[in-house]
file query.csv (CSV, C-alpha atoms)
chain,number,residue,atom,x,y,z
A,245,MET,CA,34.2,28.8,9.5
A,246,CYS,CA,31.9,28.9,6.4
A,247,ILE,CA,31.4,25.5,4.6
A,248,VAL,CA,29.6,25.5,1.3
A,249,LYS,CA,28.0,22.4,-0.1
A,250,PRO,CA,26.3,22.3,-3.6
A,251,SER,CA,22.5,22.0,-3.5
A,252,LYS,CA,19.6,21.6,-5.8
A,253,LEU,CA,19.7,25.1,-7.1
A,254,PHE,CA,23.5,25.1,-7.3
A,255,LEU,CA,24.4,28.6,-8.4
A,256,PHE,CA,21.5,30.4,-6.8
A,257,SER,CA,21.7,28.8,-3.4
A,258,LEU,CA,25.5,29.2,-3.4
A,259,LEU,CA,25.4,33.0,-3.8
A,260,PRO,CA,23.8,34.0,-0.5
A,261,VAL,CA,26.0,31.6,1.4
A,262,LEU,CA,29.2,33.0,-0.2
A,263,ALA,CA,28.1,36.5,0.5
A,264,ALA,CA,28.2,35.7,4.2
A,265,CYS,CA,31.7,34.3,4.0
A,266,GLY,CA,35.0,36.0,3.9
A,267,PRO,CA,37.2,36.1,0.6
A,268,ALA,CA,39.3,33.0,1.6
A,269,GLU,CA,36.3,31.1,2.7
A,270,GLN,CA,34.5,32.0,-0.6
A,271,ARG,CA,37.3,30.6,-2.7
A,272,ALA,CA,37.4,27.4,-0.7
A,273,GLY,CA,33.7,27.0,-1.0
A,274,VAL,CA,33.7,27.5,-4.7
A,275,GLU,CA,36.6,25.1,-5.2
A,276,GLU,CA,34.8,22.4,-3.1
A,277,ALA,CA,31.6,22.9,-5.0
A,278,ALA,CA,33.3,22.8,-8.3
A,279,ALA,CA,35.0,19.5,-7.4
A,280,SER,CA,31.6,17.9,-6.5
A,281,PRO,CA,29.7,16.1,-9.2
A,282,VAL,CA,26.8,18.2,-10.6
A,283,VAL,CA,23.5,16.5,-10.8
A,284,GLU,CA,21.1,18.0,-13.3
A,285,ILE,CA,17.9,18.9,-11.4
A,286,THR,CA,14.8,20.1,-13.1
A,287,LEU,CA,11.9,21.3,-11.1
A,288,LEU,CA,8.8,19.5,-12.5
A,289,GLU,CA,6.0,21.9,-11.3
A,290,GLY,CA,4.3,23.4,-14.3
A,291,SER,CA,5.9,21.1,-16.9
A,292,ASN,CA,4.3,18.7,-19.3
A,293,TRP,CA,5.9,15.6,-20.8
A,294,GLN,CA,5.0,13.1,-23.5
A,295,LEU,CA,6.1,9.5,-23.8
A,296,VAL,CA,9.0,8.7,-26.1
A,297,GLN,CA,9.8,5.1,-25.2
A,298,LEU,CA,8.9,2.5,-22.6
A,299,THR,CA,11.5,-0.2,-21.7
A,300,VAL,CA,10.0,-3.0,-19.6
A,301,MET,CA,11.5,-6.0,-17.9
A,302,GLY,CA,13.4,-8.2,-20.3
A,303,GLY,CA,14.6,-5.2,-22.3
A,304,TYR,CA,11.5,-5.0,-24.5
A,305,GLU,CA,11.0,-1.5,-25.9
A,306,PHE,CA,7.8,0.1,-26.9
A,307,THR,CA,7.4,3.3,-28.8
A,308,PRO,CA,4.0,5.0,-29.1
A,309,ASP,CA,2.6,5.7,-32.5
A,310,ASP,CA,1.4,9.1,-31.2
A,311,PRO,CA,3.4,10.4,-28.2
A,312,GLY,CA,0.7,13.0,-27.6
A,313,LYS,CA,-1.7,10.3,-26.4
A,314,TYR,CA,0.6,9.6,-23.3
A,315,VAL,CA,1.2,12.8,-21.4
A,316,LEU,CA,2.1,13.7,-17.8
A,317,ASN,CA,1.2,17.2,-16.5
A,318,PHE,CA,3.0,18.2,-13.2
A,319,ARG,CA,0.6,20.8,-11.8
A,320,SER,CA,0.9,23.1,-8.8
A,321,GLU,CA,0.4,21.8,-5.3
A,322,ASN,CA,1.9,18.4,-6.4
A,323,ARG,CA,-1.2,17.5,-8.5
A,324,LEU,CA,-0.6,15.1,-11.4
A,325,THR,CA,-2.8,14.9,-14.4
A,326,GLY,CA,-2.5,13.4,-17.9
A,327,THR,CA,-3.6,10.9,-20.4
A,328,SER,CA,-2.7,7.4,-21.2
A,329,ASP,CA,-4.2,6.7,-24.6
A,330,CYS,CA,-7.9,6.5,-24.1
A,331,ASN,CA,-7.7,7.0,-20.3
A,332,ARG,CA,-7.0,9.8,-17.9
A,333,ILE,CA,-4.2,9.8,-15.3
A,334,GLY,CA,-4.4,11.6,-11.9
A,335,GLY,CA,-2.9,11.7,-8.5
A,336,SER,CA,-0.1,13.4,-6.7
A,337,TRP,CA,3.7,13.6,-7.2
A,338,GLN,CA,6.6,14.1,-4.8
A,339,GLN,CA,10.1,15.1,-6.0
A,340,GLU,CA,13.3,15.3,-4.0
A,341,GLU,CA,16.4,15.5,-6.1
A,342,THR,CA,16.5,12.1,-8.0
A,343,VAL,CA,13.6,10.6,-6.1
A,344,LEU,CA,10.2,10.8,-7.7
A,345,ARG,CA,7.0,9.1,-6.6
A,346,PHE,CA,3.4,9.2,-7.7
A,347,GLU,CA,1.3,8.7,-4.6
A,348,PRO,CA,-1.6,8.3,-4.8
A,349,PHE,CA,-1.8,7.4,-8.5
A,350,ASP,CA,-4.9,6.6,-10.4
A,351,ALA,CA,-5.8,5.9,-14.0
A,352,GLY,CA,-8.9,5.1,-15.9
A,353,ARG,CA,-9.8,1.6,-16.8
A,354,SER,CA,-11.4,2.0,-20.2
A,355,LEU,CA,-10.4,-0.7,-22.7
A,356,CYS,CA,-8.2,1.0,-25.3
A,357,GLN,CA,-7.6,-0.1,-29.0
A,358,PRO,CA,-5.2,-3.0,-29.7
A,359,GLY,CA,-1.6,-1.7,-29.7
A,360,SER,CA,-2.2,0.7,-26.8
A,361,LEU,CA,0.6,1.1,-24.3
A,362,HIS,CA,-1.8,2.1,-21.6
A,363,ASN,CA,-1.6,-1.1,-19.4
A,364,ASN,CA,2.2,-1.2,-19.5
A,365,LEU,CA,2.6,2.5,-18.9
A,366,VAL,CA,0.2,2.7,-16.0
A,367,LEU,CA,1.6,-0.4,-14.3
A,368,ASN,CA,5.1,1.0,-14.5
A,369,LEU,CA,4.1,4.6,-13.6
A,370,SER,CA,2.5,3.4,-10.4
A,371,ASN,CA,5.9,1.9,-9.4
A,372,VAL,CA,8.2,4.9,-10.2
A,373,VAL,CA,10.8,5.5,-7.6
A,374,GLY,CA,13.3,7.8,-9.3
A,375,HIS,CA,14.1,10.1,-12.3
A,376,GLU,CA,16.9,11.7,-14.1
A,377,PHE,CA,17.4,13.9,-17.0
A,378,ARG,CA,19.4,13.1,-20.1
A,379,ALA,CA,19.7,15.4,-23.1
A,380,GLY,CA,16.5,17.2,-22.1
A,381,HIS,CA,14.5,14.0,-21.7
A,382,MET,CA,13.1,12.8,-18.4
A,383,ILE,CA,13.8,9.1,-17.6
A,384,LEU,CA,11.6,7.5,-14.9
A,385,THR,CA,12.8,4.4,-13.2
A,386,THR,CA,11.0,1.8,-11.0
A,387,ASP,CA,12.4,-0.6,-8.4
A,388,THR,CA,12.6,-3.2,-11.2
A,389,GLU,CA,16.0,-3.2,-12.8
A,390,GLY,CA,16.0,-2.3,-16.5
A,391,VAL,CA,12.6,-0.6,-16.5
A,392,GLU,CA,12.8,3.0,-17.9
A,393,ILE,CA,10.1,5.3,-19.1
A,394,GLU,CA,11.4,8.1,-21.3
A,395,PHE,CA,9.5,11.4,-21.7
A,396,GLU,CA,10.2,14.5,-23.7
A,397,PRO,CA,8.9,18.0,-22.9
A,398,VAL,CA,5.7,19.0,-24.6
A,399,GLU,CA,6.1,22.3,-26.4
call {"tool": "encode", "arguments": {"input": "query.csv", "output": "structure tokens"}}
result
Amino acid sequence: MCIVKPSKLFLFSLLPVLAACGPAEQRAGVEEAAASPVVEITLLEGSNWQLVQLTVMGGYEFTPDDPGKYVLNFRSENRLTGTSDCNRIGGSWQQEETVLRFEPFDAGRSLCQPGSLHNNLVLNLSNVVGHEFRAGHMILTTDTEGVEIEFEPVE
């Protein structure tokens, strides 16, 4: 019997499996996969993101004056680089479906100008445990309920 389950690369990973199945098994596999909820998975390697909004505990929302000052760069071999206002960000990232972690995570400690989001951003980035994508934006979450860090792709 050939059982087909949806995976991260839904269509592409489904094709080789279906090719090994007979016609009846192919139809059953496609029907089962179509009935399963589809989770939008975006591979992060090689992508760059800038901060749109930071929602912290208590529901307080912060929007950067210049999103380009707060950037995450997901490099090859799981290297993380970026900027947080007047500081640099570095470390490693690990992604598995909806799980995302920055370990180790490091950020500069220069004192930025008043109004900087650096301290709030770095504190929350070091505690990221998950991510999802909504309308092309990446939403990072921590283990603290209500905390969301929203990024958009850098073009």
call {"tool": "closest_residue", "arguments": {"input": "query.csv", "among": "A:Gly374, A:Gly390, A:Gly312, A:Gly326", "to": "A:Val343", "atoms": "all atoms listed in the file"}}
result
A:Gly374
call {"tool": "closest_residue", "arguments": {"input": "query.csv", "among": "A:Ile333, A:Ile393, A:Val300, A:Leu365", "to": "A:Asp350", "atoms": "all atoms listed in the file"}}
result
A:Ile333
call {"tool": "residues_near_point", "arguments": {"input": "query.csv", "point": "(-7.6, 8.2, -19.7)", "cutoff": "12 Å", "atoms": "all atoms listed in the file", "output": "count of residues only"}}
result
27
call {"tool": "closest_residue", "arguments": {"input": "query.csv", "among": "A:Thr342, A:Asn292, A:Gln357, A:Gln297", "to": "A:Val391", "atoms": "all atoms listed in the file"}}
result
A:Gln297
call {"tool": "atom_distance", "arguments": {"input": "query.csv", "atom1": "atom CA of A:Glu305", "atom2": "atom CA of A:Gly290"}}
result
28.3 Å
call {"tool": "atom_distance", "arguments": {"input": "query.csv", "atom1": "atom CA of A:Glu399", "atom2": "atom CA of A:Trp293"}}
result
8.7 Å
call {"tool": "atom_distance", "arguments": {"input": "query.csv", "atom1": "atom CA of A:Leu367", "atom2": "atom CA of A:Glu347"}}
result
13.3 Å
call {"tool": "residues_near_point", "arguments": {"input": "query.csv", "point": "(9.0, 8.2, -14.1)", "cutoff": "8 Å", "atoms": "all atoms listed in the file", "output": "count of residues only"}}
result
15
call {"tool": "closest_residue", "arguments": {"input": "query.csv", "among": "A:Phe346, A:Phe395, A:Phe377, A:Phe306", "to": "A:Leu324", "atoms": "all atoms listed in the file"}}
result
A:Phe346
